[in-house]
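Engineer: The structure's right below; bear with me while I get my questions together.
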There are 2 protein chains.
Amino acid sequence: MRIALDAMGGDNAPQAIIAGALDSIDDLNGDQLVLFGDENQILECLGPPKRWQDHISVVHAPEVVAMDDAPVDAVRKKRKSSMALMTKAVANGEVDATISAGNTGAFVAVSQMRLRNLPGVLRPGILVVFPTFAGPVILCDVGANIAPKPAHMHQYAQMATIYARDVVGIENPTVGLVSIGQEDAKGNELVKKVNHLLREDRHINFIGNVETRDFLNRPADAVICDGFVGNIVLKLTEGLAEGLFKAIKLEIAKENPELLEKLQPAIDRLYSRHDYNEYGAAPLLGVDGTCMICHGSSDARAIKNAILKTQKQLRLGINDKIVNEVKNKTS
Amino acid sequence: MRIALDAMGGDNAPQAIIAGALDSIDDLNGDQLVLFGDENQILECLGPPKRWQDHISVVHAPEVVAMDDAPVDAVRKKRKSSMALMTKAVANGEVDATISAGNTGAFVAVSQMRLRNLPGVLRPGILVVFPTFAGPVILCDVGANIAPKPAHMHQYAQMATIYARDVVGIENPTVGLVSIGQEDAKGNELVKKVNHLLREDRHINFIGNVETRDFLNRPADAVICDGFVGNIVLKLTEGLAEGLFKAIKLEIAKENPELLEKLQPAIDRLYSRHDYNEYGAAPLLGVDGTCMICHGSSDARAIKNAILKTQKQLRLGINDKIVNEVKNKTS
């Protein structure tokens with residue numbers, strides 16, 4: 001299989017991206033990586049061809065989508081960006097998957113504009129695997145669709161179920177719906193309608209509404225919400241975890257700087273369980289193609305993990321499973 | 001002034017509530033507390049009358065709203081609960097304010113049903129003072145109105161501005177709007193419309209959209225959102241802060257139990273800055289009456305802080321200021 005990688009996207013691009021690509025060579029098992037971006041920069045980072053030439057190829061892209069470009073501009077004006085060209089390649093079947101740590105809004109917009117939806121899928125959604133102390137929780141959607149209809153969210157529950165079962169490996173995964181109270185009657189109109197749809201669907205192991213207070217306790221294997229709420233939950237969690245760890249370190253250093261040194265292993269251990277780099281990438285599910293969104297601050301390890309996760313998703317045929325599931329349930 | 005206190009509401013009621021009432025006696029400055037609830041239980045907790053009889057009176061209420069009663073049942077079926085009777089008392093002008101640490105949904109529902117809105121106010125909103133390491137952030141609404149119209153949220157910005165300025169003491173407070181990106185064009189339809197209204201209002205120091213990633217850095221003095229999102233943000237923050245502190249303690253104990261003892265002061269210091277008990281109570285702003293919502297787990301200190309905060313709000317005439325502000329801006 002051929003996996004396209006946006007060499008120019010991310011806070012640490014192209015170095016971290018290319019380092020991640022090189023680190024993954026031994027695990028590719030015959031798959032090919034195609035790096036999109038500035039050819040000269042890429043070749044310089046790749047170093048001596050002997051190491052990579054059997055596994056990696058390069059496609060020159062003269063433009064770059066900046067981290068702060070408006071998504072609509074990225075779509076309309078930068079048609080020769082690494083992001084645009086690799087998305088075209090997946091649309092044309094020249095590659096099987098795309099990975100980018102660049103401007104998330106732009107990557108999602110380009111992917112949604114240039115790729116068809118999978119047959120039967122109404123709207124794509126971004127799925128993240130959310131690290132908690134009790135294990136990973138799946139959250140979908142976290143921003144692809146900020147004004148979903150109930151039927152879209154029903155499909156997010158179907159796609160998240162497949163992902164939880166086949167990619168994460170959870171048997172008969174439970175699904176929860178984000179609301180402001182556990183009772184079915186709690187929530188806004190959208191949530192009440194989705195609750196009803198999920199209650200009716202015997203193929204989804206729906207456990208009802210869940211509250212964000214319980215997120216660290218893993219209230220369900222997969223948690224469904226609209227993209228506006230999901231994006232807010234994701235960013236708040238990131239910001240809080242990072243801020244709290246920083247504050248705790250500062251406070252301990254004030255108390256006794258030597259203690260901080262002694263505690264570093266415990267803090268690192270804990271932090272790694274909250275570290276998005278461990279989880280690699282978030283799929284944009286529902287488009288006809290495999291698009292993996294990496295965190296902007298991805299390091300080489302995150303990129304390598306994203307590549308491995310993309311391979312897994314491709315080999316498992318997740319898109320075919322989604323098409324079947326959606327067909328069965330909506331027919 | 002007369003302040004009604006729900007003696008039966010909260011996880012630690014009636015003991016903690018009554019202990020908080022007794023602790024506040026020296027700070028009442030002539031104000032009176034009226035305890036609503038089971039008279040026998042209250043009198044037993046109050047102890048010898050000599051200490052409190054000049055400051056506290058008791059009104060018997062034969063029913064209690066349980067923490068898990070449905071709000072609608074609390075309103076319709078328990079008309080002689082402490083919550084219902086004290087709300088009737090504030091509606092009739094017999095007391096000036098109500099405080100409850102009981103079932104929040106029920107307290108808000110009872111207050112919204114039995115009290116008029118202040119003249120010009122379209123929908124009440126719950127305002128919380130959200131503790132962050134960079135200082136307090138005001139958040140409104142956190143759950144009174146889960147399907148607001150743009151005009152409701154405009155008024156939340158007006159009310160939050162008054163509260164930030166007069167109660168918290170911030171000159172020309174900045175207002176931010178929760179969204180999924182800082183640009184004005186980012187967000188769902190509701191957010192875009194509210195953004196436009198706030199941009200147009202010269203009396204509000206609107207700094208634009210804010211992202212939840214930045215909450216711990218205090219992106220604005222007051223942050224506005226719809227009640228569904230606000231409730232999710234509030235509960236997620238509570239759950240995460242609590243969970244992270246617990247996890248950190250556990251991890252340190254694993255590393256070295258003696259260290260945990262040495263670090264306890266640093267952790268306590270940090271935790272107290274995230275402690276809702278410090279902030280006492282969240283006002284339901286916009287109703288004709290002063291209704292203060294306490295956290296269910298309030299201890300005596302939280303109740304005392306709530307009483308002091310209620311006094312402050314009454315003395316500052318916050319409701320009159322809201323009426324004036326809303327009249328000026330909507331005429």
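Labels for the structure tokens follow display order: chains A, B, ..., residues from 1 in each chain, ligands from 1.
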Could you write out as a VMD selection string the residues of chain A within 6 Å of chain B, counting only C-alpha atoms?

Structural biologist: chain A and resid 212 to 213 232 235 to 236 239 251 to 252 266

Engineer: Mind checking DSSP for stretch 85-279 of chain A and telling me the alpha helix (DSSP H) residues as an mmCIF file with C-alpha atoms, in the first residue's frame?

Structural biologist:
data_model
loop_
_atom_site.group_PDB
_atom_site.id
_atom_site.type_symbol
_atom_site.label_atom_id
_atom_site.label_comp_id
_atom_site.auth_asym_id
_atom_site.auth_seq_id
_atom_site.Cartn_x
_atom_site.Cartn_y
_atom_site.Cartn_z
ATOM 1 C CA LEU A 85 -1.565 17.426 -4.041
ATOM 2 C CA MET A 86 -1.583 14.448 -1.748
ATOM 3 C CA THR A 87 -5.350 14.675 -1.337
ATOM 4 C CA LYS A 88 -5.655 14.713 -5.140
ATOM 5 C CA ALA A 89 -3.449 11.623 -5.205
ATOM 6 C CA VAL A 90 -5.731 9.737 -2.822
ATOM 7 C CA ALA A 91 -8.817 10.884 -4.755
ATOM 8 C CA THR A 104 -6.078 20.678 10.877
ATOM 9 C CA GLY A 105 -8.900 22.883 9.642
ATOM 10 C CA ALA A 106 -7.289 23.106 6.213
ATOM 11 C CA PHE A 107 -6.580 19.377 6.002
ATOM 12 C CA VAL A 108 -10.154 18.510 6.938
ATOM 13 C CA ALA A 109 -11.559 21.106 4.521
ATOM 14 C CA VAL A 110 -9.341 19.937 1.640
ATOM 15 C CA SER A 111 -10.219 16.292 2.344
ATOM 16 C CA GLN A 112 -13.946 16.987 2.580
ATOM 17 C CA MET A 113 -13.901 19.093 -0.601
ATOM 18 C CA ARG A 114 -11.801 16.819 -2.764
ATOM 19 C CA PRO A 150 -29.251 13.534 14.366
ATOM 20 C CA ALA A 151 -28.665 11.046 11.522
ATOM 21 C CA HIS A 152 -25.040 12.193 11.208
ATOM 22 C CA MET A 153 -24.418 11.520 14.869
ATOM 23 C CA HIS A 154 -26.112 8.132 14.588
ATOM 24 C CA GLN A 155 -23.532 7.279 11.932
ATOM 25 C CA TYR A 156 -20.733 8.548 14.180
ATOM 26 C CA ALA A 157 -21.897 5.976 16.712
ATOM 27 C CA GLN A 158 -21.785 3.273 14.016
ATOM 28 C CA MET A 159 -18.315 4.281 12.836
ATOM 29 C CA ALA A 160 -16.983 4.613 16.381
ATOM 30 C CA THR A 161 -18.310 1.144 17.189
ATOM 31 C CA ILE A 162 -16.415 -0.355 14.244
ATOM 32 C CA GLU A 189 -33.020 18.933 21.203
ATOM 33 C CA LEU A 190 -30.205 17.466 19.108
ATOM 34 C CA VAL A 191 -29.010 15.239 21.945
ATOM 35 C CA LYS A 192 -32.535 14.057 22.746
ATOM 36 C CA LYS A 193 -33.091 13.044 19.124
ATOM 37 C CA VAL A 194 -29.754 11.242 18.893
ATOM 38 C CA ASN A 195 -30.439 9.488 22.189
ATOM 39 C CA HIS A 196 -33.682 8.192 20.694
ATOM 40 C CA LEU A 197 -31.984 6.972 17.483
ATOM 41 C CA LEU A 198 -29.282 5.166 19.435
ATOM 42 C CA ARG A 199 -31.819 3.557 21.796
ATOM 43 C CA GLU A 200 -33.622 2.193 18.737
ATOM 44 C CA GLY A 227 -18.216 18.544 16.417
ATOM 45 C CA PHE A 228 -18.550 21.869 18.216
ATOM 46 C CA VAL A 229 -18.826 20.245 21.637
ATOM 47 C CA GLY A 230 -16.207 17.613 20.772
ATOM 48 C CA ASN A 231 -13.697 20.213 19.720
ATOM 49 C CA ILE A 232 -14.277 22.142 22.944
ATOM 50 C CA VAL A 233 -13.897 18.984 25.040
ATOM 51 C CA LEU A 234 -10.695 17.983 23.259
ATOM 52 C CA LYS A 235 -9.036 21.390 23.557
ATOM 53 C CA LEU A 236 -10.120 21.918 27.146
ATOM 54 C CA THR A 237 -8.708 18.557 28.133
ATOM 55 C CA GLU A 238 -5.418 19.244 26.396
ATOM 56 C CA GLY A 239 -5.125 22.712 27.895
ATOM 57 C CA LEU A 240 -6.068 21.579 31.402
ATOM 58 C CA ALA A 241 -3.783 18.560 31.465
ATOM 59 C CA GLU A 242 -0.854 20.582 30.198
ATOM 60 C CA GLY A 243 -1.563 23.507 32.533
ATOM 61 C CA LEU A 244 -2.038 21.317 35.601
ATOM 62 C CA PHE A 245 1.177 19.394 35.017
ATOM 63 C CA LYS A 246 3.045 22.664 34.577
ATOM 64 C CA ALA A 247 1.515 24.107 37.743
ATOM 65 C CA ILE A 248 2.269 21.019 39.781
ATOM 66 C CA LYS A 249 5.909 21.039 38.717
ATOM 67 C CA LEU A 250 6.177 24.732 39.578
ATOM 68 C CA GLU A 251 4.591 24.235 42.973
ATOM 69 C CA ILE A 252 6.840 21.281 43.812
ATOM 70 C CA ALA A 253 9.911 23.243 42.704
ATOM 71 C CA LYS A 254 8.882 26.039 45.070
ATOM 72 C CA GLU A 255 8.564 23.576 47.930
ATOM 73 C CA PRO A 257 13.737 21.833 43.926
ATOM 74 C CA GLU A 258 15.445 18.534 44.746
ATOM 75 C CA LEU A 259 12.092 16.854 45.150
ATOM 76 C CA LEU A 260 11.151 17.758 41.618
ATOM 77 C CA GLU A 261 14.120 15.833 40.330
ATOM 78 C CA LYS A 262 13.146 12.790 42.343
ATOM 79 C CA LEU A 263 9.565 13.013 41.131
ATOM 80 C CA GLN A 264 10.350 13.499 37.486
ATOM 81 C CA PRO A 265 9.958 9.771 36.657
ATOM 82 C CA ALA A 266 6.506 9.634 38.296
ATOM 83 C CA ILE A 267 5.383 12.799 36.526
ATOM 84 C CA ASP A 268 6.760 11.607 33.187
ATOM 85 C CA ARG A 269 5.016 8.259 33.604
ATOM 86 C CA LEU A 270 1.733 9.994 34.250
ATOM 87 C CA TYR A 271 2.162 12.530 31.491
ATOM 88 C CA SER A 272 2.921 9.875 28.916
#

Engineer: Can you measure atom CA of B:Pro283 to atom CA of B:Gly125 for me? One decimal in Å is fine.

Structural biologist: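 According to the coordinates, atom CA of B:Pro283 and atom CA of B:Gly125 are separated by 8.3 Å.
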
Engineer: Residues of stretch 261-324 of chain B within 12 Å of stretch 9-25 of chain B: nearest atom pair and distance (Å, one decimal) for each, counting only C-alpha atoms, sorted by chain and number, as a Markdown table?

Structural biologist:
| residue | atom | partner | partner_atom | distance |
| --- | --- | --- | --- | --- |
| B:Asn277 | CA | B:Gly20 | CA | 11.7 |
| B:Gly280 | CA | B:Gly20 | CA | 10.9 |
| B:Ile293 | CA | B:Gly9 | CA | 10.4 |
| B:Cys294 | CA | B:Gly10 | CA | 8.3 |
| B:His295 | CA | B:Gly10 | CA | 7.6 |
| B:Gly296 | CA | B:Gly10 | CA | 4.6 |
| B:Ser297 | CA | B:Asp11 | CA | 5.3 |
| B:Ser298 | CA | B:Gly10 | CA | 6.9 |
| B:Asp299 | CA | B:Ala16 | CA | 5.3 |
| B:Ala300 | CA | B:Gly20 | CA | 4.0 |
| B:Arg301 | CA | B:Gly20 | CA | 6.0 |
| B:Ala302 | CA | B:Gly20 | CA | 7.4 |
| B:Ile303 | CA | B:Gly20 | CA | 5.0 |
| B:Lys304 | CA | B:Gly20 | CA | 4.7 |
| B:Asn305 | CA | B:Ser24 | CA | 8.3 |
| B:Ala306 | CA | B:Gly20 | CA | 9.1 |
| B:Ile307 | CA | B:Ser24 | CA | 7.3 |
| B:Leu308 | CA | B:Ser24 | CA | 7.7 |
| B:Lys309 | CA | B:Ser24 | CA | 11.3 |
| B:Thr310 | CA | B:Ser24 | CA | 11.9 |
| B:Gln311 | CA | B:Ser24 | CA | 11.1 |

Engineer: With N, CA and C atoms kept, could you save the residues just selected as a compact mmCIF listing (two decimals), in the first residue's frame?

Structural biologist:
# COMPACT_ATOMS: atom_id res chain seq x y z
N ASN B 277 -15.10 25.46 46.73
CA ASN B 277 -15.56 25.94 48.04
C ASN B 277 -15.06 27.36 48.33
N GLY B 280 -17.60 29.87 46.93
CA GLY B 280 -18.90 29.94 47.57
C GLY B 280 -20.10 29.56 46.74
N ILE B 293 -26.52 29.42 43.92
CA ILE B 293 -26.42 27.96 43.79
C ILE B 293 -25.07 27.52 44.36
N CYS B 294 -25.10 26.64 45.35
CA CYS B 294 -23.85 26.12 45.90
C CYS B 294 -23.60 24.72 45.34
N HIS B 295 -22.36 24.35 45.33
CA HIS B 295 -21.96 23.01 44.92
C HIS B 295 -22.55 21.98 45.89
N GLY B 296 -22.98 20.85 45.36
CA GLY B 296 -23.58 19.83 46.21
C GLY B 296 -22.68 19.38 47.34
N SER B 297 -21.39 19.40 47.11
CA SER B 297 -20.46 18.91 48.13
C SER B 297 -19.97 20.03 49.06
N SER B 298 -20.71 21.14 49.10
CA SER B 298 -20.28 22.28 49.92
C SER B 298 -20.07 21.89 51.37
N ASP B 299 -18.98 22.39 51.93
CA ASP B 299 -18.75 22.23 53.37
C ASP B 299 -19.12 23.54 54.07
N ALA B 300 -18.91 23.58 55.39
CA ALA B 300 -19.31 24.76 56.16
C ALA B 300 -18.65 26.04 55.63
N ARG B 301 -17.38 25.91 55.23
CA ARG B 301 -16.66 27.07 54.71
C ARG B 301 -17.31 27.58 53.42
N ALA B 302 -17.70 26.65 52.55
CA ALA B 302 -18.35 27.04 51.30
C ALA B 302 -19.66 27.76 51.58
N ILE B 303 -20.41 27.25 52.55
CA ILE B 303 -21.69 27.88 52.88
C ILE B 303 -21.47 29.27 53.46
N LYS B 304 -20.48 29.39 54.34
CA LYS B 304 -20.18 30.72 54.89
C LYS B 304 -19.78 31.68 53.75
N ASN B 305 -18.90 31.22 52.85
CA ASN B 305 -18.50 32.06 51.72
C ASN B 305 -19.69 32.44 50.85
N ALA B 306 -20.63 31.51 50.70
CA ALA B 306 -21.82 31.79 49.90
C ALA B 306 -22.66 32.88 50.56
N ILE B 307 -22.77 32.82 51.88
CA ILE B 307 -23.55 33.84 52.61
C ILE B 307 -22.90 35.22 52.44
N LEU B 308 -21.56 35.25 52.57
CA LEU B 308 -20.85 36.53 52.45
C LEU B 308 -20.99 37.09 51.03
N LYS B 309 -20.92 36.20 50.07
CA LYS B 309 -21.03 36.63 48.68
C LYS B 309 -22.44 37.14 48.37
N THR B 310 -23.42 36.49 48.96
CA THR B 310 -24.81 36.92 48.77
C THR B 310 -25.02 38.32 49.35
N GLN B 311 -24.46 38.54 50.54
CA GLN B 311 -24.55 39.88 51.15
C GLN B 311 -23.95 40.92 50.23

Engineer: Hey, what's within 8 Å of A:Phe130 if we count only C-alpha atoms and toss same-chain stuff fewer than 3 positions away? As a PyMOL selection string, please?

Structural biologist: chain A and resi 136-139+276

Engineer: Determine the nearest neighbour of A:Ala101 from the options A:Ile204, A:Ile3, A:Ile322, A:Met8, counting only C-alpha atoms.

Structural biologist: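 That would be A:Met8, the residue with the smallest distance to A:Ala101.
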
Engineer: Using Å and a single decimal, report how far atom CA of B:Gly176 sits from atom CA of B:Ser100.

Structural biologist: 29.0 Å

Engineer: Can you tell me, as a ChimeraX atom specification, which residues in stretch 182-214 of chain B count as strand (DSSP E or B) by DSSP?

Structural biologist: /B:205-210

Engineer: Save the residues we just selected, C-alpha atoms, as a CSV table (one decimal), in the first residue's frame?

Structural biologist:
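That gives us result-v2.csv:
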chain,number,residue,atom,x,y,z
B,205,ASN,CA,-15.2,45.1,26.0
B,206,PHE,CA,-15.4,42.2,23.6
B,207,ILE,CA,-12.1,40.6,22.7
B,208,GLY,CA,-13.6,38.0,20.3
B,209,ASN,CA,-13.8,34.3,20.3
B,210,VAL,CA,-11.7,32.3,22.8

Engineer: Excluding B:Met1 and its own-chain neighbours fewer than 6 positions away, which residues fall within 12 Å of it when counting only C-alpha atoms? Please give them as number ranges by chain.

Structural biologist: B: 28-34, 55-56, 90, 93-98, 290, 307, 310-315

Engineer: Compile the contact shell of A:Lys78 as a PyMOL selection string: residues with an atom at most 12 Å away, counting only C-alpha atoms, same-chain residues fewer than 2 positions apart removed.

Structural biologist: chain A and resi 61-66+69-76+80-85+106-107+110

Engineer: What separation in Å, quoted to one decimal, exists between atom CA of A:Gln53 and atom CA of A:Asp288?

Structural biologist: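 Distance reported for this atom pair: 28.9 Å.
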
Engineer: Between A:Gly289, A:Pro119, A:Gly47, A:Gly37, single out the one closest to A:His60, counting only C-alpha atoms.

Structural biologist: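 The closest residue to A:His60 is A:Gly37.
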
Engineer: When distances are computed from only C-alpha atoms, which of B:Ala222, B:Cys45, B:Asp166, B:Leu35 shows the smallest separation from B:Leu127?

Structural biologist: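 Nearest candidate to B:Leu127 out of B:Ala222, B:Cys45, B:Asp166, B:Leu35: B:Ala222.
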
Engineer: Kindly indicate which residue among A:Asp68, A:Asp6, A:Asp201, A:Asp54 lies nearest to A:Phe36, using only C-alpha atoms for the distances.

Structural biologist: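 Checking each candidate against A:Phe36, we get A:Asp6 as the closest.
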